[in-house]
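Participant: The structure that follows is given in the form of structure tokens.
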Amino acid sequence: MFLLILLFVVIAVIVAVGLCGYGGRTLADHGLRRASAPAVLRGLAALAGAGACALYAWGLLAVCGAVMTAEDGGTDSAPARSCRTAGWQERSRQGIEIVDHQVTYIPLGFVCETSDGGSYDNGDVPGYVNPAVFGLALVAAGGAIGSAYMSELRARAEFRRQQAG
């Protein structure tokens, strides 16, 4: 699992750099003042998407650290050290043991499962990562859809002008 998460980190970073380059180039080629609205929206959507990918990679690195700590065998490895949050010893005295752990990718987190059927997030992923990734992805999707819609409206208007004249 550790290597798979590292692969996702590399992919997210590559996508972030690519989107950042595309967004910056789009805005620089057209210039902010004289660019059409679809071009500005495309550039800003790409930059927001780059931010979302970069933040997701940051969160994946936190999950990667938790997985690495949890899968480190040997003495004092049960329960997994990543799951030893505040109050875990008290729950253990009550008969509720930590039995397993898993990684959730949406929302990003490291989840510890208990013997009573419950589960909890250990809090290794910073609290701002999931809301910020969601917000930036929403802005990116909105910008891309808005740009496509405006381009379609302009193309239809141009077609009507050609048909009329």
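Ligands are numbered from 1 in the order shown, residues from 1 within each chain, and chains are lettered A, B, ... in the order they appear in the structure tokens.
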Considering only C-alpha atoms, return as a list in words whatever protein or nucleic-acid residues lie within 9 Å of Asn130 of chain A, sequence-local ones (same chain, fewer than 6 positions apart) excluded.

Facilitator: Leu55, Tyr56, Gly59, Ile106, Pro107, Leu108 and Gly109 of chain A

Participant: Store the residues of this selection in a file with N, CA and C atoms, as a PDB file, in the first residue's frame.

Facilitator:
ATOM      1  N   LEU A  55      -2.508  20.112  -3.132  1.00  0.00           N
ATOM      2  CA  LEU A  55      -2.985  19.869  -1.767  1.00  0.00           C
ATOM      3  C   LEU A  55      -3.309  18.400  -1.538  1.00  0.00           C
ATOM      4  N   TYR A  56      -3.840  17.730  -2.533  1.00  0.00           N
ATOM      5  CA  TYR A  56      -4.131  16.304  -2.399  1.00  0.00           C
ATOM      6  C   TYR A  56      -2.833  15.520  -2.230  1.00  0.00           C
ATOM      7  N   GLY A  59      -1.707  15.907   1.342  1.00  0.00           N
ATOM      8  CA  GLY A  59      -2.466  15.018   2.212  1.00  0.00           C
ATOM      9  C   GLY A  59      -2.053  13.567   2.054  1.00  0.00           C
ATOM     10  N   ILE A 106     -11.184   9.316  -0.680  1.00  0.00           N
ATOM     11  CA  ILE A 106     -12.127  10.427  -0.784  1.00  0.00           C
ATOM     12  C   ILE A 106     -13.112  10.271   0.360  1.00  0.00           C
ATOM     13  N   PRO A 107     -13.114  11.042   1.386  1.00  0.00           N
ATOM     14  CA  PRO A 107     -12.120  12.051   1.730  1.00  0.00           C
ATOM     15  C   PRO A 107     -10.831  11.375   2.170  1.00  0.00           C
ATOM     16  N   LEU A 108      -9.765  12.070   2.010  1.00  0.00           N
ATOM     17  CA  LEU A 108      -8.449  11.535   2.308  1.00  0.00           C
ATOM     18  C   LEU A 108      -8.284  11.350   3.810  1.00  0.00           C
ATOM     19  N   GLY A 109      -7.872  10.164   4.238  1.00  0.00           N
ATOM     20  CA  GLY A 109      -7.686   9.927   5.663  1.00  0.00           C
ATOM     21  C   GLY A 109      -7.143   8.543   5.953  1.00  0.00           C
TER      22      GLY A 109
END

Participant: Might you pull out every residue within 9 Å of Gly146 of chain A, with only C-alpha atoms counted and same-chain residues fewer than 5 positions away left off, and present them as a count of residues only?

Facilitator: 5

Participant: Excluding Gly117 of chain A and its own-chain neighbours fewer than 6 positions away, which residues fall within 12 Å of it when counting only C-alpha atoms? Please give them as an mmCIF file with N, CA and C atoms, in the first residue's frame.

Facilitator:
data_model
loop_
_atom_site.group_PDB
_atom_site.id
_atom_site.type_symbol
_atom_site.label_atom_id
_atom_site.label_comp_id
_atom_site.auth_asym_id
_atom_site.auth_seq_id
_atom_site.Cartn_x
_atom_site.Cartn_y
_atom_site.Cartn_z
ATOM 1 N N ILE A 96 -12.480 -2.530 24.094
ATOM 2 C CA ILE A 96 -12.570 -2.102 22.699
ATOM 3 C C ILE A 96 -11.147 -1.995 22.153
ATOM 4 N N GLU A 97 -10.780 -2.930 21.319
ATOM 5 C CA GLU A 97 -9.425 -3.003 20.774
ATOM 6 C C GLU A 97 -9.367 -2.449 19.355
ATOM 7 N N ILE A 98 -8.208 -2.019 18.955
ATOM 8 C CA ILE A 98 -7.965 -1.590 17.576
ATOM 9 C C ILE A 98 -7.605 -2.834 16.791
ATOM 10 N N VAL A 99 -8.384 -3.162 15.769
ATOM 11 C CA VAL A 99 -8.202 -4.427 15.055
ATOM 12 C C VAL A 99 -7.620 -4.263 13.658
ATOM 13 N N ASP A 100 -7.810 -3.107 13.040
ATOM 14 C CA ASP A 100 -7.328 -2.948 11.664
ATOM 15 C C ASP A 100 -7.264 -1.468 11.316
#

Participant: Select from segment 78-140 of chain A everything DSSP, run on the backbone, classes as strand (DSSP E), then give the selection as a PyMOL selection string.

Facilitator: chain A and resi 98-105+108-114+119-121

Participant: With distances taken over only C-alpha atoms, which residue among A:Gly127, A:Gly23, A:Pro79, A:Gly73 lies nearest Ala48 of chain A?

Facilitator: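 When distances to Ala48 of chain A are compared using only C-alpha atoms, the smallest one comes from A:Gly23.
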
Participant: Return the single residue from A:Gly95, A:Gly165, A:Gly31, A:Gly135 that is closest to Ser115 of chain A, with distances computed using only C-alpha atoms.

Facilitator: A:Gly95

Participant: Please indicate the distance in Å from atom CA of Glu71 of chain A to atom CA of Cys83 of chain A, rounded to one decimal place.

Facilitator: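 It comes out at 11.3 Å.
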
Participant: Using only C-alpha atoms, which residues sit within 12 Å of Trp58 of chain A once same-chain residues fewer than 2 positions away are excluded, as an NGL selection string?

Facilitator: :A and (5-6 or 8-10 or 12-13 or 16 or 51-56 or 60-65 or 108-109 or 124-130 or 132-133)

Participant: Pick out the residues sitting within 8 Å of Cys20 of chain A, and hand them over as JSON, numbers by chain; count only C-alpha atoms, and ignore anything fewer than 3 positions along from it in its own chain.

Facilitator: {"A": [16, 17, 23, 24, 46, 47, 50]}

Participant: Identify which of the residues A:Leu4, A:Cys112, A:Ile14, A:Leu44 lies closest to Thr26 of chain A, counting only C-alpha atoms when measuring atom-to-atom distances.

Facilitator: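 Among the listed residues, A:Leu44 lies closest to Thr26 of chain A.
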
Participant: I'd like to know which of A:Gly43, A:Met68, A:Arg91, A:Leu19 is closest to Leu3 of chain A, using only C-alpha atoms.

Facilitator: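 So, comparing all the options, the nearest one is A:Met68.
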
Participant: What does the distance from atom CA of Val15 of chain A to atom CA of Leu32 of chain A come to in Å, to one decimal?

Facilitator: 23.8 Å
